[in-house]
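Q: input.txt (compact mmCIF, N, CA and C atoms) pasted underneath:
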```
# COMPACT_ATOMS: atom_id res chain seq x y z
N MET W 2 101.79 113.94 130.52
CA MET W 2 103.13 113.37 130.44
C MET W 2 103.04 111.84 130.44
N ALA W 3 103.95 111.26 129.71
CA ALA W 3 104.03 109.81 129.63
C ALA W 3 105.48 109.40 129.88
N ALA W 4 105.65 108.23 130.43
CA ALA W 4 106.99 107.70 130.66
C ALA W 4 107.21 106.54 129.70
N GLY W 5 108.41 106.50 129.11
CA GLY W 5 108.75 105.42 128.18
C GLY W 5 110.25 105.38 127.98
N THR W 6 110.67 104.85 126.84
CA THR W 6 112.08 104.62 126.56
C THR W 6 112.47 105.22 125.22
N ILE W 7 113.61 105.90 125.20
CA ILE W 7 114.24 106.32 123.95
C ILE W 7 115.38 105.35 123.68
N ARG W 8 115.40 104.78 122.47
CA ARG W 8 116.48 103.89 122.06
C ARG W 8 117.29 104.58 120.97
N TYR W 9 118.58 104.62 121.18
CA TYR W 9 119.50 105.24 120.23
C TYR W 9 120.20 104.15 119.41
N TRP W 10 120.38 104.40 118.12
CA TRP W 10 121.05 103.45 117.24
C TRP W 10 122.24 104.11 116.56
N ALA W 11 123.25 103.32 116.30
CA ALA W 11 124.44 103.69 115.52
C ALA W 11 125.06 105.01 116.03
N ALA W 12 125.17 106.02 115.16
CA ALA W 12 125.83 107.28 115.53
C ALA W 12 125.11 107.98 116.68
N ALA W 13 123.80 107.83 116.77
CA ALA W 13 123.06 108.44 117.89
C ALA W 13 123.45 107.78 119.21
N LYS W 14 123.62 106.48 119.18
CA LYS W 14 124.04 105.74 120.38
C LYS W 14 125.43 106.19 120.81
N ALA W 15 126.33 106.32 119.85
CA ALA W 15 127.69 106.78 120.16
C ALA W 15 127.67 108.19 120.72
N ALA W 16 126.86 109.07 120.14
CA ALA W 16 126.81 110.47 120.59
C ALA W 16 126.18 110.60 121.97
N ALA W 17 125.16 109.79 122.25
CA ALA W 17 124.50 109.85 123.56
C ALA W 17 125.32 109.15 124.64
N GLY W 18 126.11 108.18 124.23
CA GLY W 18 126.90 107.41 125.20
C GLY W 18 126.09 106.35 125.91
N VAL W 19 124.85 106.14 125.49
CA VAL W 19 123.99 105.10 126.05
C VAL W 19 123.14 104.51 124.91
N ALA W 20 122.72 103.27 125.08
CA ALA W 20 121.86 102.63 124.08
C ALA W 20 120.41 103.06 124.25
N GLU W 21 120.02 103.33 125.48
CA GLU W 21 118.64 103.76 125.74
C GLU W 21 118.58 104.50 127.06
N GLU W 22 117.49 105.26 127.20
CA GLU W 22 117.26 105.99 128.44
C GLU W 22 115.77 106.29 128.54
N PRO W 23 115.29 106.56 129.73
CA PRO W 23 113.86 106.85 129.90
C PRO W 23 113.49 108.25 129.43
N TYR W 24 112.24 108.40 129.02
CA TYR W 24 111.70 109.74 128.77
C TYR W 24 110.49 109.94 129.67
N ASP W 25 110.20 111.19 129.95
CA ASP W 25 109.00 111.61 130.65
C ASP W 25 108.52 112.85 129.91
N ALA W 26 107.67 112.64 128.92
CA ALA W 26 107.28 113.72 128.02
C ALA W 26 105.92 113.42 127.40
N GLY W 27 105.26 114.46 126.96
CA GLY W 27 103.97 114.29 126.30
C GLY W 27 104.07 114.16 124.80
N THR W 28 105.13 114.77 124.23
CA THR W 28 105.30 114.74 122.78
C THR W 28 106.73 114.35 122.43
N LEU W 29 106.91 113.99 121.17
CA LEU W 29 108.25 113.68 120.69
C LEU W 29 109.16 114.90 120.83
N ALA W 30 108.65 116.09 120.54
CA ALA W 30 109.46 117.31 120.67
C ALA W 30 109.96 117.47 122.10
N GLU W 31 109.12 117.25 123.08
CA GLU W 31 109.53 117.38 124.48
C GLU W 31 110.58 116.34 124.84
N ALA W 32 110.41 115.11 124.37
CA ALA W 32 111.38 114.05 124.66
C ALA W 32 112.73 114.36 124.05
N LEU W 33 112.72 114.87 122.80
CA LEU W 33 113.98 115.20 122.15
C LEU W 33 114.64 116.42 122.78
N ASP W 34 113.86 117.39 123.21
CA ASP W 34 114.42 118.54 123.93
C ASP W 34 115.13 118.09 125.20
N ALA W 35 114.51 117.15 125.92
CA ALA W 35 115.13 116.63 127.14
C ALA W 35 116.42 115.87 126.82
N ALA W 36 116.42 115.11 125.72
CA ALA W 36 117.62 114.38 125.31
C ALA W 36 118.74 115.35 124.96
N ARG W 37 118.40 116.44 124.26
CA ARG W 37 119.41 117.45 123.92
C ARG W 37 119.98 118.10 125.18
N ALA W 38 119.14 118.36 126.15
CA ALA W 38 119.60 118.96 127.41
C ALA W 38 120.49 117.99 128.19
N GLN W 39 120.16 116.71 128.13
CA GLN W 39 120.92 115.69 128.84
C GLN W 39 122.28 115.43 128.18
N HIS W 40 122.32 115.56 126.85
CA HIS W 40 123.54 115.26 126.07
C HIS W 40 123.82 116.45 125.14
N PRO W 41 124.31 117.56 125.67
CA PRO W 41 124.42 118.79 124.89
C PRO W 41 125.52 118.80 123.82
N GLY W 42 126.30 117.78 123.71
CA GLY W 42 127.39 117.79 122.73
C GLY W 42 126.98 117.31 121.36
N GLU W 43 127.62 116.26 120.91
CA GLU W 43 127.45 115.74 119.55
C GLU W 43 126.02 115.28 119.26
N LEU W 44 125.30 114.79 120.26
CA LEU W 44 123.94 114.29 120.01
C LEU W 44 123.04 115.37 119.42
N VAL W 45 123.22 116.60 119.82
CA VAL W 45 122.40 117.70 119.30
C VAL W 45 122.53 117.76 117.77
N GLN W 46 123.74 117.61 117.27
CA GLN W 46 123.96 117.64 115.82
C GLN W 46 123.44 116.37 115.14
N VAL W 47 123.67 115.23 115.76
CA VAL W 47 123.24 113.96 115.19
C VAL W 47 121.71 113.92 115.05
N LEU W 48 120.99 114.43 116.03
CA LEU W 48 119.53 114.38 115.99
C LEU W 48 118.95 115.13 114.79
N LYS W 49 119.69 116.12 114.29
CA LYS W 49 119.22 116.88 113.13
C LYS W 49 119.12 116.01 111.88
N ARG W 50 119.87 114.91 111.85
CA ARG W 50 119.91 114.03 110.67
C ARG W 50 119.10 112.75 110.85
N CYS W 51 118.51 112.57 112.01
CA CYS W 51 117.85 111.31 112.33
C CYS W 51 116.40 111.25 111.86
N SER W 52 115.95 110.02 111.70
CA SER W 52 114.52 109.77 111.56
C SER W 52 114.08 109.07 112.85
N PHE W 53 112.76 109.02 113.07
CA PHE W 53 112.25 108.53 114.34
C PHE W 53 111.08 107.58 114.11
N LEU W 54 111.03 106.56 114.95
CA LEU W 54 109.88 105.68 115.04
C LEU W 54 109.29 105.86 116.43
N VAL W 55 107.99 105.98 116.51
CA VAL W 55 107.31 106.04 117.81
C VAL W 55 106.39 104.83 117.88
N ASP W 56 106.70 103.94 118.79
CA ASP W 56 105.96 102.69 118.94
C ASP W 56 105.86 101.95 117.61
N GLY W 57 106.98 101.96 116.86
CA GLY W 57 107.06 101.23 115.61
C GLY W 57 106.56 101.95 114.38
N ASP W 58 105.94 103.12 114.56
CA ASP W 58 105.40 103.87 113.43
C ASP W 58 106.34 105.01 113.04
N PRO W 59 106.67 105.13 111.75
CA PRO W 59 107.54 106.22 111.31
C PRO W 59 106.89 107.58 111.55
N VAL W 60 107.69 108.52 112.04
CA VAL W 60 107.21 109.89 112.26
C VAL W 60 107.16 110.63 110.92
N GLY W 61 108.11 110.36 110.05
CA GLY W 61 108.14 111.01 108.74
C GLY W 61 108.29 112.52 108.88
N THR W 62 107.49 113.26 108.13
CA THR W 62 107.60 114.72 108.12
C THR W 62 106.67 115.40 109.10
N ARG W 63 105.96 114.63 109.93
CA ARG W 63 105.07 115.25 110.92
C ARG W 63 105.86 116.11 111.89
N SER W 64 105.27 117.21 112.31
CA SER W 64 105.88 118.07 113.31
C SER W 64 106.02 117.29 114.61
N HIS W 65 107.21 117.34 115.21
CA HIS W 65 107.45 116.59 116.45
C HIS W 65 106.55 117.06 117.59
N GLU W 66 106.08 118.30 117.52
CA GLU W 66 105.17 118.82 118.55
C GLU W 66 103.80 118.14 118.49
N THR W 67 103.46 117.55 117.35
CA THR W 67 102.14 116.92 117.20
C THR W 67 102.16 115.42 117.44
N VAL W 68 103.35 114.85 117.64
CA VAL W 68 103.48 113.40 117.84
C VAL W 68 103.38 113.10 119.33
N ARG W 69 102.23 112.58 119.73
CA ARG W 69 101.99 112.26 121.15
C ARG W 69 102.71 110.97 121.54
N LEU W 70 103.21 110.93 122.75
CA LEU W 70 103.87 109.74 123.27
C LEU W 70 102.96 109.04 124.26
N ALA W 71 102.97 107.71 124.19
CA ALA W 71 102.12 106.89 125.05
C ALA W 71 102.89 106.42 126.29
N GLU W 72 102.16 106.19 127.34
CA GLU W 72 102.75 105.59 128.54
C GLU W 72 103.34 104.23 128.18
N GLY W 73 104.60 104.03 128.54
CA GLY W 73 105.28 102.78 128.26
C GLY W 73 105.73 102.65 126.81
N GLY W 74 105.71 103.74 126.07
CA GLY W 74 106.06 103.71 124.65
C GLY W 74 107.56 103.70 124.42
N THR W 75 107.90 103.60 123.13
CA THR W 75 109.30 103.57 122.72
C THR W 75 109.52 104.52 121.55
N VAL W 76 110.56 105.32 121.67
CA VAL W 76 111.02 106.19 120.58
C VAL W 76 112.34 105.61 120.09
N GLU W 77 112.40 105.29 118.80
CA GLU W 77 113.64 104.79 118.17
C GLU W 77 114.28 105.96 117.43
N VAL W 78 115.54 106.22 117.70
CA VAL W 78 116.29 107.30 117.06
C VAL W 78 117.24 106.66 116.04
N LEU W 79 116.95 106.92 114.75
CA LEU W 79 117.65 106.24 113.67
C LEU W 79 118.44 107.22 112.80
N PRO W 80 119.76 107.24 112.96
CA PRO W 80 120.57 108.07 112.07
C PRO W 80 120.57 107.46 110.67
N PRO W 81 120.99 108.22 109.65
CA PRO W 81 121.08 107.66 108.32
C PRO W 81 122.06 106.47 108.33
N PHE W 82 121.69 105.42 107.63
CA PHE W 82 122.55 104.24 107.54
C PHE W 82 123.11 104.14 106.13
N ALA W 83 124.35 103.71 106.02
CA ALA W 83 124.96 103.50 104.72
C ALA W 83 125.05 101.99 104.45
N GLY W 84 125.09 101.64 103.20
CA GLY W 84 125.24 100.23 102.84
C GLY W 84 123.94 99.48 102.93
N GLY W 85 124.01 98.21 103.00
CA GLY W 85 122.79 97.41 103.04
C GLY W 85 123.13 96.05 103.29
```
What does the file become when written as structure tokens?
A:
Amino acid sequence: MAAGTIRYWAAAKAAAGVAEEPYDAGTLAEALDAARAQHPGELVQVLKRCSFLVDGDPVGTRSHETVRLAEGGTVEVLPPFAGG
């Protein structure tokens, strides 16, 4: 297990009701499961549309179960953005 920070942006931030919160998880899948349990409403749906950065690196299509989280790391939760 590693401890770090999840940062929510745009619609994810609104759905979670917070800009960031701590995680205690070994993988991205575990961290997101905990976030879903903590915020069982709209965030569950928003996360289905999000992309993720772990310590600045895009997760892309990798399985969340295979993405290891580092101690003191950061997960960025990025919903689709419109415009530019």
Q: Do you have the CA of Leu70 in chain W-atom N of Leu33 in chain W distance handy?
A: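 Computing the Euclidean distance for CA of Leu70 in chain W and atom N of Leu33 in chain W yields 10.2 Å.
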Q: Using all atoms listed in the file, determine which residues lie at most 7 Å from Tyr9 in chain W, disregarding the query and same-chain residues fewer than 5 positions distant; provide the list as a PyMOL selection string.
A: chain W and resi 14-15+19-22+76-79
Q: From a DSSP pass on the backbone, collect the residues of chain W flagged as strand (DSSP E or B) and hand them back as a list of chain:residue names.
A: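 Filtering chain W to strand (DSSP E or B) leaves W:Ala3, W:Ala4, W:Gly5, W:Thr6, W:Ile7, W:Arg8, W:Tyr9, W:Glu21, W:Glu22, W:Pro23, W:Tyr24, W:Asp25, W:Ala26, W:Thr28, W:Ser52, W:Phe53, W:Leu54, W:Val55, W:Asp58, W:Pro59, W:Arg69, W:Thr75, W:Val76, W:Glu77, W:Val78, W:Leu79.
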Q: Any idea what the distance is between CA of Glu66 in chain W and CA of Gln39 in chain W?
A: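 Value for the CA of Glu66 in chain W-CA of Gln39 in chain W distance: 19.1 Å.
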Q: So which residues touch Ala36 in chain W within 9 Å, counting only C-alpha atoms, skipping near sequence neighbours fewer than 4 positions away, as a VMD selection string?
A: chain W and resid 7 17 22 24 31 to 32 40 to 41 44 to 45
Q: One decimal, Å: what's the distance from CA of Arg69 in chain W over to CA of Gly27 in chain W, could you say?
A: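 Separating CA of Arg69 in chain W from CA of Gly27 in chain W is a distance of 5.9 Å.
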Q: Check the smallest atom-to-atom distance from each of W:Val55, W:Ala13, W:Ala35, W:Val47 to Gly73 in chain W using only C-alpha atoms, then report the winner.
A: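 Among the listed residues, the smallest separation from Gly73 in chain W belongs to W:Val55.
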Q: Could you write out, as a PyMOL selection string, all the residues of range 29-78 of chain W that DSSP marks as alpha helix (DSSP H)?
A: chain W and resi 29-39+43-48
Q: So which one's closest to Ser64 in chain W, W:Ala3, W:Ala38, W:Ala12, W:Leu29? Using only N, CA and C atoms, please.
A: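 So, comparing all the options, the nearest one is W:Leu29.
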Q: Would you mind listing what lies within 7 Å of Pro23 in chain W as JSON, numbers by chain, with all atoms listed in the file counted and same-chain residues fewer than 3 positions away left out?
A: {"W": [4, 5, 6, 7]}
Q: Counting all atoms listed in the file, which of W:Arg37, W:Met2, W:Pro80, W:Ala30 gets nearest to His65 in chain W?
A: W:Ala30
Q: When distances are computed from only N, CA and C atoms, which of W:Pro81, W:Ala11, W:Gly74, W:Ala16 shows the smallest separation from Gly57 in chain W?
A: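 Closest to Gly57 in chain W of all the choices is W:Gly74.
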Q: Could you model all heavy atoms for range 6-17 of chain W and present them as a compact mmCIF listing (two decimals), keeping the file's coordinate frame?
A:
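Saved file selection32.txt follows:
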```
# COMPACT_ATOMS: atom_id res chain seq x y z
N THR W 6 110.67 104.85 126.84
CA THR W 6 112.08 104.62 126.56
C THR W 6 112.47 105.22 125.22
O THR W 6 111.75 105.06 124.24
CB THR W 6 112.38 103.10 126.54
OG1 THR W 6 112.00 102.53 127.79
CG2 THR W 6 113.86 102.83 126.29
N ILE W 7 113.61 105.90 125.20
CA ILE W 7 114.24 106.32 123.95
C ILE W 7 115.38 105.35 123.68
O ILE W 7 116.21 105.11 124.56
CB ILE W 7 114.82 107.75 124.04
CG1 ILE W 7 113.72 108.77 124.30
CG2 ILE W 7 115.58 108.10 122.76
CD1 ILE W 7 114.24 110.19 124.46
N ARG W 8 115.40 104.78 122.47
CA ARG W 8 116.48 103.89 122.06
C ARG W 8 117.29 104.58 120.97
O ARG W 8 116.74 105.04 119.98
CB ARG W 8 115.92 102.57 121.51
CG ARG W 8 115.30 101.72 122.56
CD ARG W 8 114.94 100.37 122.01
NE ARG W 8 114.23 99.61 123.04
CZ ARG W 8 113.25 98.78 122.79
NH1 ARG W 8 112.85 98.57 121.54
NH2 ARG W 8 112.66 98.14 123.77
N TYR W 9 118.58 104.62 121.18
CA TYR W 9 119.50 105.24 120.23
C TYR W 9 120.20 104.15 119.41
O TYR W 9 120.61 103.13 119.96
CB TYR W 9 120.56 106.06 120.97
CG TYR W 9 119.99 107.18 121.79
CD1 TYR W 9 119.92 107.09 123.18
CD2 TYR W 9 119.54 108.34 121.19
CE1 TYR W 9 119.41 108.12 123.94
CE2 TYR W 9 119.02 109.38 121.95
CZ TYR W 9 118.96 109.26 123.32
OH TYR W 9 118.46 110.30 124.08
N TRP W 10 120.38 104.40 118.12
CA TRP W 10 121.05 103.45 117.24
C TRP W 10 122.24 104.11 116.56
O TRP W 10 122.23 105.30 116.29
CB TRP W 10 120.06 102.94 116.18
CG TRP W 10 118.94 102.17 116.80
CD1 TRP W 10 117.70 102.65 117.14
CD2 TRP W 10 118.96 100.82 117.22
NE1 TRP W 10 116.95 101.66 117.73
CE2 TRP W 10 117.70 100.52 117.79
CE3 TRP W 10 119.92 99.81 117.18
CZ2 TRP W 10 117.38 99.27 118.31
CZ3 TRP W 10 119.60 98.56 117.69
CH2 TRP W 10 118.35 98.30 118.24
N ALA W 11 123.25 103.32 116.30
CA ALA W 11 124.44 103.69 115.52
C ALA W 11 125.06 105.01 116.03
O ALA W 11 125.43 105.09 117.20
CB ALA W 11 124.09 103.76 114.03
N ALA W 12 125.17 106.02 115.16
CA ALA W 12 125.83 107.28 115.53
C ALA W 12 125.11 107.98 116.68
O ALA W 12 125.75 108.65 117.49
CB ALA W 12 125.91 108.22 114.33
N ALA W 13 123.80 107.83 116.77
CA ALA W 13 123.06 108.44 117.89
C ALA W 13 123.45 107.78 119.21
O ALA W 13 123.61 108.45 120.22
CB ALA W 13 121.56 108.34 117.65
N LYS W 14 123.62 106.48 119.18
CA LYS W 14 124.04 105.74 120.38
C LYS W 14 125.43 106.19 120.81
O LYS W 14 125.68 106.44 121.99
CB LYS W 14 124.02 104.24 120.09
CG LYS W 14 124.47 103.38 121.23
CD LYS W 14 124.38 101.91 120.81
CE LYS W 14 124.98 100.99 121.84
NZ LYS W 14 124.91 99.57 121.41
N ALA W 15 126.33 106.32 119.85
CA ALA W 15 127.69 106.78 120.16
C ALA W 15 127.67 108.19 120.72
O ALA W 15 128.37 108.50 121.69
CB ALA W 15 128.56 106.71 118.91
N ALA W 16 126.86 109.07 120.14
CA ALA W 16 126.81 110.47 120.59
C ALA W 16 126.18 110.60 121.97
O ALA W 16 126.61 111.43 122.78
CB ALA W 16 126.04 111.31 119.58
N ALA W 17 125.16 109.79 122.25
CA ALA W 17 124.50 109.85 123.56
C ALA W 17 125.32 109.15 124.64
O ALA W 17 125.20 109.47 125.82
CB ALA W 17 123.11 109.24 123.48
```
